[in-house]
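Structure data follow from my_file.cif (mmCIF, C-alpha atoms):
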data_protein
#
loop_
_atom_site.label_atom_id
_atom_site.label_comp_id
_atom_site.auth_asym_id
_atom_site.auth_seq_id
_atom_site.Cartn_x
_atom_site.Cartn_y
_atom_site.Cartn_z
CA MET A 1 -21.63 36.57 2.53
CA ALA A 2 -21.08 33.26 4.30
CA TYR A 3 -17.86 31.51 3.34
CA ASP A 4 -16.85 27.87 3.70
CA PHE A 5 -13.72 28.95 5.60
CA ASP A 6 -12.42 32.02 7.37
CA LEU A 7 -8.90 31.19 6.16
CA PHE A 8 -7.79 28.89 3.36
CA VAL A 9 -4.05 28.17 3.42
CA ILE A 10 -2.29 26.88 0.30
CA GLY A 11 0.84 25.04 1.36
CA ALA A 12 1.53 22.95 4.48
CA GLY A 13 5.09 24.07 5.06
CA SER A 14 6.37 25.71 8.21
CA GLY A 15 4.71 29.09 7.69
CA GLY A 16 1.42 27.77 6.39
CA VAL A 17 1.02 25.22 9.17
CA ARG A 18 1.87 27.80 11.84
CA ALA A 19 -0.68 30.27 10.46
CA ALA A 20 -3.35 27.57 10.14
CA ARG A 21 -2.87 26.11 13.61
CA PHE A 22 -2.96 29.40 15.43
CA ALA A 23 -5.80 30.81 13.36
CA ALA A 24 -7.84 27.73 14.28
CA GLY A 25 -6.80 28.20 17.89
CA PHE A 26 -8.14 31.74 17.73
CA GLY A 27 -11.52 30.36 16.69
CA ALA A 28 -11.30 30.64 12.90
CA LYS A 29 -12.56 27.95 10.54
CA VAL A 30 -9.44 26.94 8.60
CA ALA A 31 -8.48 24.67 5.70
CA VAL A 32 -5.03 23.74 4.42
CA ALA A 33 -4.32 22.29 0.99
CA GLU A 34 -1.05 20.51 0.20
CA SER A 35 -0.17 18.65 -2.98
CA ARG A 36 3.23 17.23 -2.02
CA TYR A 37 4.40 16.66 1.52
CA LEU A 38 3.46 17.90 4.97
CA GLY A 39 6.13 20.07 6.56
CA GLY A 40 7.27 21.69 3.32
CA THR A 41 10.83 22.05 2.09
CA CYS A 42 12.41 22.24 5.55
CA VAL A 43 11.12 18.91 6.81
CA ASN A 44 11.30 16.95 3.58
CA VAL A 45 14.08 18.26 1.31
CA GLY A 46 15.70 21.01 3.33
CA CYS A 47 16.91 21.83 6.83
CA VAL A 48 16.03 18.58 8.61
CA PRO A 49 17.31 15.88 6.23
CA LYS A 50 20.29 18.08 5.34
CA LYS A 51 21.31 18.34 9.00
CA LEU A 52 20.98 14.56 9.36
CA LEU A 53 23.33 14.08 6.40
CA VAL A 54 25.72 16.65 7.90
CA TYR A 55 25.81 14.58 11.10
CA GLY A 56 26.59 11.52 9.00
CA ALA A 57 29.39 13.27 7.14
CA HIS A 58 30.90 14.55 10.38
CA VAL A 59 31.40 11.02 11.75
CA ALA A 60 34.51 10.73 9.57
CA ASP A 61 36.07 13.62 11.51
CA GLU A 62 35.30 11.95 14.82
CA VAL A 63 36.90 8.72 13.65
CA GLU A 64 39.98 10.59 12.45
CA GLN A 65 40.38 12.37 15.78
CA ALA A 66 39.73 9.29 17.94
CA SER A 67 43.32 7.99 17.88
CA GLY A 68 44.54 11.13 19.65
CA TYR A 69 42.35 10.13 22.57
CA GLY A 70 43.59 6.58 22.75
CA TRP A 71 40.96 4.85 20.66
CA THR A 72 42.01 2.25 18.12
CA LEU A 73 39.17 1.79 15.63
CA GLU A 74 38.86 -0.79 12.93
CA GLU A 75 38.54 0.62 9.45
CA GLY A 76 34.95 1.69 9.08
CA HIS A 77 32.60 1.32 6.14
CA PHE A 78 29.96 3.85 5.22
CA ASP A 79 26.69 2.66 3.68
CA TRP A 80 24.71 5.38 1.92
CA GLY A 81 21.58 3.22 1.69
CA THR A 82 21.40 2.81 5.46
CA LEU A 83 21.73 6.55 6.07
CA ILE A 84 19.02 7.40 3.52
CA ALA A 85 16.65 4.72 4.81
CA ASN A 86 17.03 5.96 8.38
CA LYS A 87 16.58 9.55 7.19
CA ASN A 88 13.39 8.59 5.33
CA ARG A 89 11.99 6.92 8.43
CA GLU A 90 12.57 10.07 10.47
CA ILE A 91 10.97 12.30 7.82
CA GLU A 92 7.91 10.03 7.73
CA ARG A 93 7.64 10.39 11.49
CA LEU A 94 7.76 14.18 11.18
CA ASN A 95 5.15 14.13 8.41
CA GLY A 96 2.84 12.36 10.83
CA ILE A 97 3.52 14.93 13.52
CA TYR A 98 2.60 17.76 11.14
CA ARG A 99 -0.60 15.95 10.19
CA ASN A 100 -1.55 15.55 13.83
CA LEU A 101 -0.74 19.19 14.60
CA LEU A 102 -3.19 20.32 11.93
CA VAL A 103 -5.97 17.81 12.51
CA ASN A 104 -5.83 18.13 16.31
CA SER A 105 -6.08 21.91 15.93
CA GLY A 106 -9.39 21.50 14.10
CA VAL A 107 -7.97 22.36 10.67
CA THR A 108 -9.48 20.72 7.58
CA LEU A 109 -6.61 19.08 5.67
CA LEU A 110 -7.06 18.70 1.90
CA GLN A 111 -4.38 16.73 0.07
CA GLY A 112 -4.32 17.89 -3.53
CA HIS A 113 -3.25 20.75 -5.77
CA ALA A 114 -4.97 24.03 -4.90
CA ARG A 115 -5.63 26.66 -7.55
CA ILE A 116 -7.05 30.09 -6.84
CA THR A 117 -10.07 30.83 -9.03
CA GLY A 118 -11.00 34.22 -7.62
CA ALA A 119 -10.42 36.62 -4.75
CA HIS A 120 -12.36 34.37 -2.37
CA GLU A 121 -12.32 30.99 -4.09
CA VAL A 122 -9.96 28.02 -4.29
CA GLU A 123 -10.33 24.82 -6.30
CA VAL A 124 -8.82 21.53 -5.09
CA ASP A 125 -9.10 18.49 -7.35
CA GLY A 126 -12.20 19.84 -9.06
CA ARG A 127 -14.03 20.94 -5.94
CA ARG A 128 -14.37 24.63 -5.13
CA TYR A 129 -14.22 26.21 -1.69
CA SER A 130 -14.96 29.79 -0.67
CA ALA A 131 -12.88 31.65 1.90
CA ALA A 132 -12.96 35.06 3.51
CA ASN A 133 -9.15 35.08 3.37
CA ILE A 134 -6.63 33.07 1.36
CA LEU A 135 -3.00 32.59 2.42
CA ILE A 136 -0.34 31.60 -0.13
CA ALA A 137 2.50 29.69 1.54
CA THR A 138 3.72 27.48 -1.30
CA GLY A 139 7.46 27.99 -0.70
CA GLY A 140 10.30 27.87 -3.19
CA TRP A 141 11.71 25.52 -5.80
CA PRO A 142 15.31 24.98 -6.96
CA HIS A 143 16.32 26.89 -10.08
CA VAL A 144 18.67 25.33 -12.66
CA PRO A 145 20.02 27.56 -15.45
CA ASP A 146 18.70 26.83 -18.91
CA ILE A 147 21.73 25.13 -20.47
CA PRO A 148 21.97 22.10 -22.78
CA GLY A 149 21.79 18.96 -20.65
CA LYS A 150 20.20 20.63 -17.61
CA GLU A 151 17.91 17.61 -17.23
CA LEU A 152 20.97 15.50 -16.38
CA ALA A 153 21.71 17.56 -13.26
CA ILE A 154 20.11 17.16 -9.86
CA THR A 155 19.11 19.62 -7.14
CA SER A 156 18.52 19.35 -3.40
CA ASN A 157 15.09 17.85 -4.19
CA GLU A 158 16.70 14.75 -5.69
CA ALA A 159 19.92 14.57 -3.64
CA PHE A 160 18.14 13.18 -0.59
CA TYR A 161 16.85 10.22 -2.59
CA LEU A 162 19.91 9.14 -4.57
CA LYS A 163 20.16 5.35 -4.69
CA GLU A 164 23.89 5.41 -4.01
CA LEU A 165 26.60 7.88 -3.13
CA PRO A 166 28.21 9.22 -6.33
CA ARG A 167 31.94 8.64 -6.60
CA ARG A 168 32.63 12.03 -8.24
CA VAL A 169 30.45 15.10 -7.65
CA LEU A 170 30.44 18.58 -9.14
CA VAL A 171 28.53 21.05 -6.96
CA VAL A 172 27.58 24.23 -8.81
CA GLY A 173 26.72 27.37 -6.87
CA GLY A 174 28.06 29.80 -4.30
CA GLY A 175 25.29 30.04 -1.71
CA TYR A 176 24.93 28.22 1.59
CA ILE A 177 23.14 25.23 0.03
CA ALA A 178 26.03 24.63 -2.37
CA VAL A 179 28.62 24.91 0.41
CA GLU A 180 26.67 22.60 2.71
CA PHE A 181 26.14 19.86 0.13
CA ALA A 182 29.74 20.04 -1.02
CA GLY A 183 30.72 19.32 2.58
CA ILE A 184 28.21 16.48 2.84
CA PHE A 185 29.36 14.73 -0.32
CA GLN A 186 33.03 15.14 0.52
CA GLY A 187 32.58 14.12 4.15
CA LEU A 188 30.83 10.91 3.11
CA GLY A 189 33.67 10.00 0.77
CA ALA A 190 32.88 11.45 -2.66
CA ASP A 191 35.53 13.21 -4.73
CA THR A 192 33.95 16.67 -4.63
CA SER A 193 34.51 19.90 -6.57
CA LEU A 194 32.67 23.16 -5.93
CA LEU A 195 32.25 25.45 -8.94
CA TYR A 196 31.12 29.07 -8.59
CA ARG A 197 30.88 31.79 -11.21
CA GLY A 198 31.98 34.54 -8.76
CA ASP A 199 35.25 35.40 -7.05
CA LEU A 200 34.31 33.84 -3.71
CA PHE A 201 31.28 31.98 -2.36
CA LEU A 202 28.74 33.10 0.30
CA ARG A 203 28.17 36.59 -1.05
CA GLY A 204 26.56 38.73 1.65
CA PHE A 205 28.36 37.02 4.53
CA ASP A 206 31.18 38.73 6.40
CA GLY A 207 34.39 38.87 4.38
CA SER A 208 36.46 37.27 7.15
CA VAL A 209 33.99 34.39 7.35
CA ARG A 210 34.09 33.79 3.60
CA THR A 211 37.87 33.80 3.42
CA HIS A 212 38.30 31.66 6.52
CA LEU A 213 35.89 28.98 5.29
CA LYS A 214 37.64 28.89 1.92
CA GLU A 215 40.94 28.23 3.65
CA GLU A 216 39.49 25.50 5.85
CA LEU A 217 37.78 23.72 2.94
CA GLU A 218 41.05 23.75 1.02
CA LYS A 219 42.80 22.23 4.05
CA ARG A 220 40.27 19.41 3.84
CA GLY A 221 41.21 18.83 0.21
CA MET A 222 38.07 20.17 -1.43
CA ASP A 223 38.56 21.32 -5.01
CA LEU A 224 37.30 24.92 -5.21
CA GLN A 225 36.90 26.48 -8.63
CA PHE A 226 35.91 30.15 -8.75
CA ASN A 227 35.13 32.42 -11.72
CA THR A 228 33.91 29.42 -13.66
CA ASP A 229 30.59 28.04 -14.87
CA ILE A 230 29.18 25.14 -16.85
CA GLN A 231 28.17 25.75 -20.45
CA ARG A 232 26.66 22.35 -21.21
CA ILE A 233 26.30 18.82 -19.79
CA ASP A 234 26.54 15.62 -21.85
CA GLN A 235 26.08 12.02 -20.81
CA GLN A 236 28.87 9.69 -21.88
CA ALA A 237 28.70 6.06 -22.95
CA ASP A 238 29.66 4.77 -19.50
CA GLY A 239 26.89 6.79 -17.86
CA SER A 240 29.15 9.48 -16.45
CA LEU A 241 28.51 13.17 -17.08
CA LYS A 242 30.82 15.51 -18.96
CA ALA A 243 30.57 19.18 -18.02
CA THR A 244 31.95 21.61 -20.56
CA LEU A 245 32.94 24.84 -18.85
CA LYS A 246 32.68 28.30 -20.40
CA ASP A 247 36.45 28.46 -20.78
CA GLY A 248 36.30 25.32 -22.94
CA SER A 249 37.74 22.94 -20.36
CA GLU A 250 35.93 19.75 -19.38
CA ARG A 251 35.17 17.98 -16.11
CA VAL A 252 33.79 14.46 -15.72
CA ALA A 253 31.61 13.43 -12.80
CA ASP A 254 29.00 10.87 -11.80
CA CYS A 255 26.69 13.55 -10.40
CA ILE A 256 26.28 17.27 -11.10
CA PHE A 257 24.43 19.03 -8.30
CA TYR A 258 23.02 22.52 -8.87
CA ALA A 259 22.41 24.95 -6.04
CA THR A 260 22.09 28.14 -8.04
CA GLY A 261 19.16 29.77 -6.32
CA ARG A 262 15.48 29.13 -5.73
CA ARG A 263 12.36 30.62 -7.26
CA PRO A 264 8.91 31.15 -5.72
CA MET A 265 6.65 28.14 -6.35
CA LEU A 266 3.73 29.81 -8.13
CA ASP A 267 3.12 27.22 -10.87
CA ASP A 268 -0.54 26.81 -11.82
CA LEU A 269 -1.59 28.77 -8.75
CA GLY A 270 -4.18 30.85 -10.61
CA LEU A 271 -2.86 34.28 -9.65
CA GLU A 272 -4.06 35.60 -13.01
CA THR A 273 -7.64 35.31 -11.73
CA THR A 274 -6.87 37.80 -8.97
CA GLY A 275 -5.34 41.23 -8.47
CA VAL A 276 -2.19 39.76 -6.90
CA GLU A 277 0.95 41.45 -8.26
CA LEU A 278 4.54 40.27 -8.38
CA ASP A 279 7.55 42.47 -7.69
CA GLU A 280 10.45 43.02 -10.10
CA ARG A 281 12.15 39.83 -8.84
CA GLY A 282 9.10 37.64 -9.42
CA TYR A 283 8.01 37.34 -5.78
CA ILE A 284 4.52 38.15 -4.51
CA ARG A 285 4.24 41.78 -3.47
CA VAL A 286 2.89 42.21 0.09
CA ASP A 287 2.51 45.02 2.61
CA ASP A 288 3.66 45.05 6.24
CA HIS A 289 0.79 42.72 7.20
CA TYR A 290 1.55 40.25 4.35
CA ARG A 291 -1.53 41.36 2.45
CA THR A 292 -1.12 41.20 -1.33
CA THR A 293 -2.52 43.70 -3.80
CA GLU A 294 -5.72 41.61 -3.65
CA ALA A 295 -7.19 42.57 -0.27
CA SER A 296 -8.46 39.09 0.65
CA ILE A 297 -5.22 37.27 -0.26
CA PHE A 298 -2.10 37.09 1.91
CA ALA A 299 1.33 35.53 1.30
CA LEU A 300 4.36 34.66 3.40
CA GLY A 301 7.61 32.71 3.45
CA ASP A 302 9.72 32.01 0.41
CA VAL A 303 7.08 33.28 -2.05
CA ILE A 304 7.54 36.87 -0.82
CA GLY A 305 11.35 36.77 -1.01
CA ARG A 306 12.22 38.55 2.22
CA VAL A 307 14.31 36.35 4.52
CA GLN A 308 14.02 32.77 3.31
CA LEU A 309 14.51 30.90 6.57
CA THR A 310 12.17 28.49 8.33
CA PRO A 311 12.02 30.39 11.66
CA VAL A 312 11.18 33.57 9.75
CA ALA A 313 8.30 31.84 7.96
CA LEU A 314 7.06 30.62 11.34
CA ALA A 315 7.12 34.17 12.71
CA GLU A 316 5.31 35.45 9.61
CA GLY A 317 2.66 32.75 9.97
CA MET A 318 2.05 33.78 13.56
CA ALA A 319 1.82 37.42 12.51
CA VAL A 320 -0.80 36.68 9.85
CA ALA A 321 -2.93 34.61 12.26
CA ARG A 322 -2.83 37.33 14.89
CA HIS A 323 -3.47 40.15 12.42
CA LEU A 324 -6.59 38.44 11.09
CA PHE A 325 -8.04 36.78 14.17
CA LYS A 326 -6.34 38.12 17.31
CA PRO A 327 -5.27 41.70 16.52
CA GLU A 328 -4.83 42.63 20.18
CA GLN A 329 -1.89 40.16 20.29
CA TYR A 330 -0.35 41.28 16.99
CA ARG A 331 3.40 41.89 16.88
CA ALA A 332 5.27 42.77 13.72
CA VAL A 333 8.10 40.47 12.65
CA ASP A 334 11.49 42.03 13.37
CA TYR A 335 13.83 41.28 10.49
CA GLN A 336 16.86 42.79 12.23
CA ASN A 337 19.49 40.64 13.96
CA ILE A 338 18.20 37.27 12.75
CA PRO A 339 20.68 34.58 13.85
CA THR A 340 21.49 32.02 11.20
CA ALA A 341 23.81 29.08 10.61
CA VAL A 342 25.43 27.45 7.60
CA PHE A 343 26.07 23.76 8.22
CA SER A 344 29.25 23.68 6.22
CA GLN A 345 32.25 21.77 7.57
CA PRO A 346 33.31 23.62 9.66
CA PRO A 347 29.96 25.36 10.26
CA ILE A 348 29.19 29.08 10.31
CA GLY A 349 27.10 31.00 12.83
CA THR A 350 26.26 34.65 12.32
CA VAL A 351 23.98 37.38 13.67
CA GLY A 352 23.80 41.10 13.03
CA LEU A 353 25.79 43.24 10.61
CA THR A 354 28.85 42.14 8.72
CA GLU A 355 31.86 44.43 8.78
CA GLU A 356 31.05 45.50 5.24
CA GLN A 357 27.41 46.25 6.06
CA ALA A 358 28.35 48.26 9.14
CA LEU A 359 30.75 50.43 7.16
CA GLN A 360 28.23 50.88 4.37
CA ALA A 361 25.64 52.01 6.94
CA GLY A 362 28.02 54.74 8.10
CA HIS A 363 29.19 53.23 11.38
CA LYS A 364 32.66 53.89 12.66
CA VAL A 365 33.63 50.38 13.68
CA GLN A 366 36.06 48.46 15.81
CA ILE A 367 36.81 44.90 14.72
CA PHE A 368 37.71 42.16 17.19
CA GLU A 369 38.88 38.84 15.75
CA SER A 370 40.30 35.64 17.14
CA ARG A 371 41.59 32.60 15.30
CA PHE A 372 42.58 29.52 17.29
CA ARG A 373 42.85 25.76 17.17
CA ALA A 374 40.01 24.21 19.16
CA MET A 375 41.00 22.46 22.39
CA LYS A 376 39.52 19.20 21.14
CA LEU A 377 42.06 19.14 18.31
CA THR A 378 45.18 19.66 20.44
CA LEU A 379 45.67 15.89 20.91
CA THR A 380 45.24 15.25 17.18
CA ASP A 381 47.05 16.18 13.98
CA VAL A 382 44.09 18.19 12.69
CA GLN A 383 45.09 21.81 12.00
CA GLU A 384 41.60 23.30 11.58
CA LYS A 385 41.20 26.83 12.98
CA THR A 386 38.12 28.43 14.52
CA LEU A 387 37.27 32.05 13.70
CA MET A 388 35.34 34.40 16.00
CA LYS A 389 34.62 38.02 15.15
CA LEU A 390 32.81 40.96 16.70
CA VAL A 391 31.81 44.12 14.84
CA VAL A 392 31.40 47.01 17.30
CA ASP A 393 30.20 50.58 16.86
CA ALA A 394 33.16 52.69 18.00
CA ASP A 395 30.97 55.60 19.09
CA THR A 396 28.26 53.79 21.07
CA ASP A 397 30.16 50.58 22.00
CA LYS A 398 27.13 48.61 20.78
CA VAL A 399 27.89 45.18 19.31
CA LEU A 400 26.60 45.26 15.75
CA GLY A 401 27.54 41.77 14.60
CA CYS A 402 28.87 38.41 15.82
CA HIS A 403 30.36 35.88 13.41
CA MET A 404 31.89 32.44 13.89
CA VAL A 405 33.34 29.62 11.82
CA GLY A 406 34.00 26.49 13.82
CA PRO A 407 32.44 23.55 15.69
CA ASP A 408 29.02 24.25 17.23
CA ALA A 409 28.85 27.71 15.66
CA GLY A 410 25.09 27.49 15.21
CA GLU A 411 24.56 26.48 18.84
CA ILE A 412 26.76 29.28 20.15
CA ILE A 413 25.36 32.05 17.97
CA GLN A 414 21.78 31.53 19.21
CA GLY A 415 22.58 32.97 22.63
CA LEU A 416 24.45 35.88 21.09
CA GLY A 417 21.34 36.60 19.05
CA VAL A 418 19.53 37.34 22.31
CA ALA A 419 22.35 39.66 23.36
CA LEU A 420 22.23 41.64 20.12
CA LYS A 421 18.44 41.81 20.23
CA ALA A 422 18.80 43.32 23.70
CA GLY A 423 21.33 45.89 22.44
CA ALA A 424 24.38 44.60 24.31
CA THR A 425 27.56 46.65 24.32
CA LYS A 426 31.13 45.44 24.02
CA GLN A 427 31.66 46.44 27.66
CA GLN A 428 28.83 44.11 28.67
CA PHE A 429 30.44 41.32 26.65
CA ASP A 430 33.75 42.05 28.44
CA GLU A 431 32.10 42.02 31.86
CA THR A 432 30.41 38.67 31.24
CA ILE A 433 32.23 35.75 32.85
CA GLY A 434 33.21 33.09 30.36
CA VAL A 435 32.41 29.39 30.59
CA HIS A 436 35.81 27.68 30.80
CA PRO A 437 37.19 25.80 28.99
CA THR A 438 34.95 26.36 25.95
CA ALA A 439 35.24 27.96 22.56
CA ALA A 440 32.25 30.18 23.36
CA GLU A 441 34.16 32.06 26.07
CA GLU A 442 36.33 33.63 23.37
CA PHE A 443 33.43 35.95 22.54
CA VAL A 444 33.74 37.56 25.99
CA THR A 445 37.54 37.60 26.22
CA MET A 446 38.51 39.48 23.04
CA ARG A 447 39.94 42.69 24.49
CA THR A 448 42.00 44.32 21.74
CA ALA A 449 40.60 45.53 18.45
CA ILE A 450 42.60 44.36 15.45
CA ARG A 451 41.50 47.41 13.42
#
How does this structure look as structure tokens?
Amino acid sequence: MAYDFDLFVIGAGSGGVRAARFAAGFGAKVAVAESRYLGGTCVNVGCVPKKLLVYGAHVADEVEQASGYGWTLEEGHFDWGTLIANKNREIERLNGIYRNLLVNSGVTLLQGHARITGAHEVEVDGRRYSAANILIATGGWPHVPDIPGKELAITSNEAFYLKELPRRVLVVGGGYIAVEFAGIFQGLGADTSLLYRGDLFLRGFDGSVRTHLKEELEKRGMDLQFNTDIQRIDQQADGSLKATLKDGSERVADCIFYATGRRPMLDDLGLETTGVELDERGYIRVDDHYRTTEASIFALGDVIGRVQLTPVALAEGMAVARHLFKPEQYRAVDYQNIPTAVFSQPPIGTVGLTEEQALQAGHKVQIFESRFRAMKLTLTDVQEKTLMKLVVDADTDKVLGCHMVGPDAGEIIQGLGVALKAGATKQQFDETIGVHPTAAEEFVTMRTAIR
């Protein structure tokens, strides 16, 4: 049977665009349908605008530290509207780049909602297209618990478009998005509280990292409330929001921001017309080649619930394109030792196993840790500490994990990701000459295990 397209991609986010571009480059006839924005969550309401706001929030630290270096600065004024307008202009530029990447690759771009109507058929705005293969890359969507007044809260989707900076903010959640936005709001001048229903945020990260960040956020004056949750939200006469907590206490804020997880975006996708199955968590079930239980339909990225990171979706997109149209170049995605960063303030960088994971896996471990005040701060009154940690297999000397909390953690951890991917040992770390004077050299000068 002749099809309109060899590959029809639903979703023009990072993974979908990567798969489409390279499939077209391999000679396939490709279409992409997108109903919202080109570039997906990362470009529009995720990694990119968030990092720009983090930069903005960090300026306050630079101003505070300037006097130690002889600078006398007039009292500054932050304008939220200017930051958001400049951010919007940059996102529009990136949207155009994504459009050009697709069109210049020979991909047919369809802007509208795509709905699957069969194993080989997709409908976009009333018109049907046939495809030998369909790829679902529709990403995720913020989840807000079903409580009274949930419509009064915002998520990361809305935070980037607020008309003005709220004076008082309650951030609800314990994942990296909650921690990052709490730092953004506080750094830009909002009175910020972070509420989490568990004992300590960032579950799944190394215990030393979690504890260290908690201590540093408290030094900065952030209000951290653990083992608590909101029962209902009510709007008051003056427009402010009253949050009633499960213990009966009340908090008043101008903005309540929820970062309590994300769900796969499968709304009105038409999966019921196919043999595609979901797993017990509600994500699309796929095999090692990202093929669903419907042989002609594939899925990747946030909708399959593996590792929900942009670079991972990019790698998955490449894998799908190669598997279908260039099998001789196929390489499976390696989900081990994926470096990642949390752009909290201070930021986190991590790669490999946490101490807890290493012990659970049966490793006999040596732990190397260093806490120090960064050189840049020695001429200031700022008492922030940097944490660096190595998790080492005591039997093989192999470095199992590297973790950092401190300035430039994300930049530093990228290179260590290469080292762990190559199987570096602690001896090789020790024999590597450090770059002096830097914080990064601490990773190759930790000589004595603390436990």
query = Near Arg21 in chain A, counting only C-alpha atoms, which residues have an atom at most 10 Å away, once you skip same-chain residues fewer than 4 positions from it, shown as a ChimeraX atom specification?
reply = /A:16-17,25-26,28,30-32,101-107,317-318,321
Deliver the residues from the most recent selection as a file, using C-alpha atoms, as a PDB file, in the frame of the given file.
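Once everything was written out, this is result_38.pdb:
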ATOM      1  CA  GLY A  16       1.420  27.770   6.390  1.00  0.00           C
ATOM      2  CA  VAL A  17       1.020  25.220   9.170  1.00  0.00           C
ATOM      3  CA  GLY A  25      -6.800  28.200  17.890  1.00  0.00           C
ATOM      4  CA  PHE A  26      -8.140  31.740  17.730  1.00  0.00           C
ATOM      5  CA  ALA A  28     -11.300  30.640  12.900  1.00  0.00           C
ATOM      6  CA  VAL A  30      -9.440  26.940   8.600  1.00  0.00           C
ATOM      7  CA  ALA A  31      -8.480  24.670   5.700  1.00  0.00           C
ATOM      8  CA  VAL A  32      -5.030  23.740   4.420  1.00  0.00           C
ATOM      9  CA  LEU A 101      -0.740  19.190  14.600  1.00  0.00           C
ATOM     10  CA  LEU A 102      -3.190  20.320  11.930  1.00  0.00           C
ATOM     11  CA  VAL A 103      -5.970  17.810  12.510  1.00  0.00           C
ATOM     12  CA  ASN A 104      -5.830  18.130  16.310  1.00  0.00           C
ATOM     13  CA  SER A 105      -6.080  21.910  15.930  1.00  0.00           C
ATOM     14  CA  GLY A 106      -9.390  21.500  14.100  1.00  0.00           C
ATOM     15  CA  VAL A 107      -7.970  22.360  10.670  1.00  0.00           C
ATOM     16  CA  GLY A 317       2.660  32.750   9.970  1.00  0.00           C
ATOM     17  CA  MET A 318       2.050  33.780  13.560  1.00  0.00           C
ATOM     18  CA  ALA A 321      -2.930  34.610  12.260  1.00  0.00           C
TER      19      ALA A 321
END
Restrict the calculation to all atoms listed in the file, then for each residue of range 37-118 of chain A with any atom at most 9 Å from an atom of range 129-151 of chain A give the closest atom pair and their distance in Å to one decimal, rows by chain and rising residue number, as a Markdown table.
| residue | atom | partner | partner_atom | distance |
| --- | --- | --- | --- | --- |
| A:Gly40 | CA | A:Gly139 | CA | 7.5 |
| A:Thr41 | CA | A:Gly139 | CA | 7.4 |
| A:Ile116 | CA | A:Ile134 | CA | 8.7 |
Would you write out those residues with C-alpha atoms, as an mmCIF file, in the frame of the given file?
data_model
loop_
_atom_site.group_PDB
_atom_site.id
_atom_site.type_symbol
_atom_site.label_atom_id
_atom_site.label_comp_id
_atom_site.auth_asym_id
_atom_site.auth_seq_id
_atom_site.Cartn_x
_atom_site.Cartn_y
_atom_site.Cartn_z
ATOM 1 C CA GLY A 40 7.270 21.690 3.320
ATOM 2 C CA THR A 41 10.830 22.050 2.090
ATOM 3 C CA ILE A 116 -7.050 30.090 -6.840
#
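For the residues A:Gln360, A:Ser193, A:Gln308, A:Thr438, ranking by smallest atom-to-atom distance to Gly46 in chain A using all atoms listed in the file places A:Gln308 first.
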Evaluated on this file, the PyMOL selection byres ((chain A and resi 405-414) around 9) picks out some residues - which ones are they, written as an mmCIF file with C-alpha atoms, keeping the file's coordinate frame?
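Result went into part_29.cif, see below:
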data_model
loop_
_atom_site.group_PDB
_atom_site.id
_atom_site.type_symbol
_atom_site.label_atom_id
_atom_site.label_comp_id
_atom_site.auth_asym_id
_atom_site.auth_seq_id
_atom_site.Cartn_x
_atom_site.Cartn_y
_atom_site.Cartn_z
ATOM 1 C CA VAL A 209 33.990 34.390 7.350
ATOM 2 C CA HIS A 212 38.300 31.660 6.520
ATOM 3 C CA LEU A 213 35.890 28.980 5.290
ATOM 4 C CA PRO A 339 20.680 34.580 13.850
ATOM 5 C CA THR A 340 21.490 32.020 11.200
ATOM 6 C CA ALA A 341 23.810 29.080 10.610
ATOM 7 C CA VAL A 342 25.430 27.450 7.600
ATOM 8 C CA PHE A 343 26.070 23.760 8.220
ATOM 9 C CA GLN A 345 32.250 21.770 7.570
ATOM 10 C CA PRO A 346 33.310 23.620 9.660
ATOM 11 C CA PRO A 347 29.960 25.360 10.260
ATOM 12 C CA ILE A 348 29.190 29.080 10.310
ATOM 13 C CA GLY A 349 27.100 31.000 12.830
ATOM 14 C CA THR A 350 26.260 34.650 12.320
ATOM 15 C CA VAL A 351 23.980 37.380 13.670
ATOM 16 C CA ALA A 374 40.010 24.210 19.160
ATOM 17 C CA GLU A 384 41.600 23.300 11.580
ATOM 18 C CA LYS A 385 41.200 26.830 12.980
ATOM 19 C CA THR A 386 38.120 28.430 14.520
ATOM 20 C CA LEU A 387 37.270 32.050 13.700
ATOM 21 C CA MET A 388 35.340 34.400 16.000
ATOM 22 C CA CYS A 402 28.870 38.410 15.820
ATOM 23 C CA HIS A 403 30.360 35.880 13.410
ATOM 24 C CA MET A 404 31.890 32.440 13.890
ATOM 25 C CA GLY A 415 22.580 32.970 22.630
ATOM 26 C CA LEU A 416 24.450 35.880 21.090
ATOM 27 C CA GLY A 417 21.340 36.600 19.050
ATOM 28 C CA VAL A 418 19.530 37.340 22.310
ATOM 29 C CA ALA A 439 35.240 27.960 22.560
ATOM 30 C CA ALA A 440 32.250 30.180 23.360
#
query = For Ala394 in chain A, which residue out of A:Gln225, A:Val382, A:Arg263, A:Ala358 is the nearest one, using all atoms listed in the file?
reply = A:Ala358
message = Which residues are near Phe443 in chain A? Cut-off 9 Å, only C-alpha atoms, ignore same chain within fewer than 6 positions. Put them as JSON, numbers by chain.
response = {"A": [370, 388, 389, 390, 402, 429, 430, 434]}
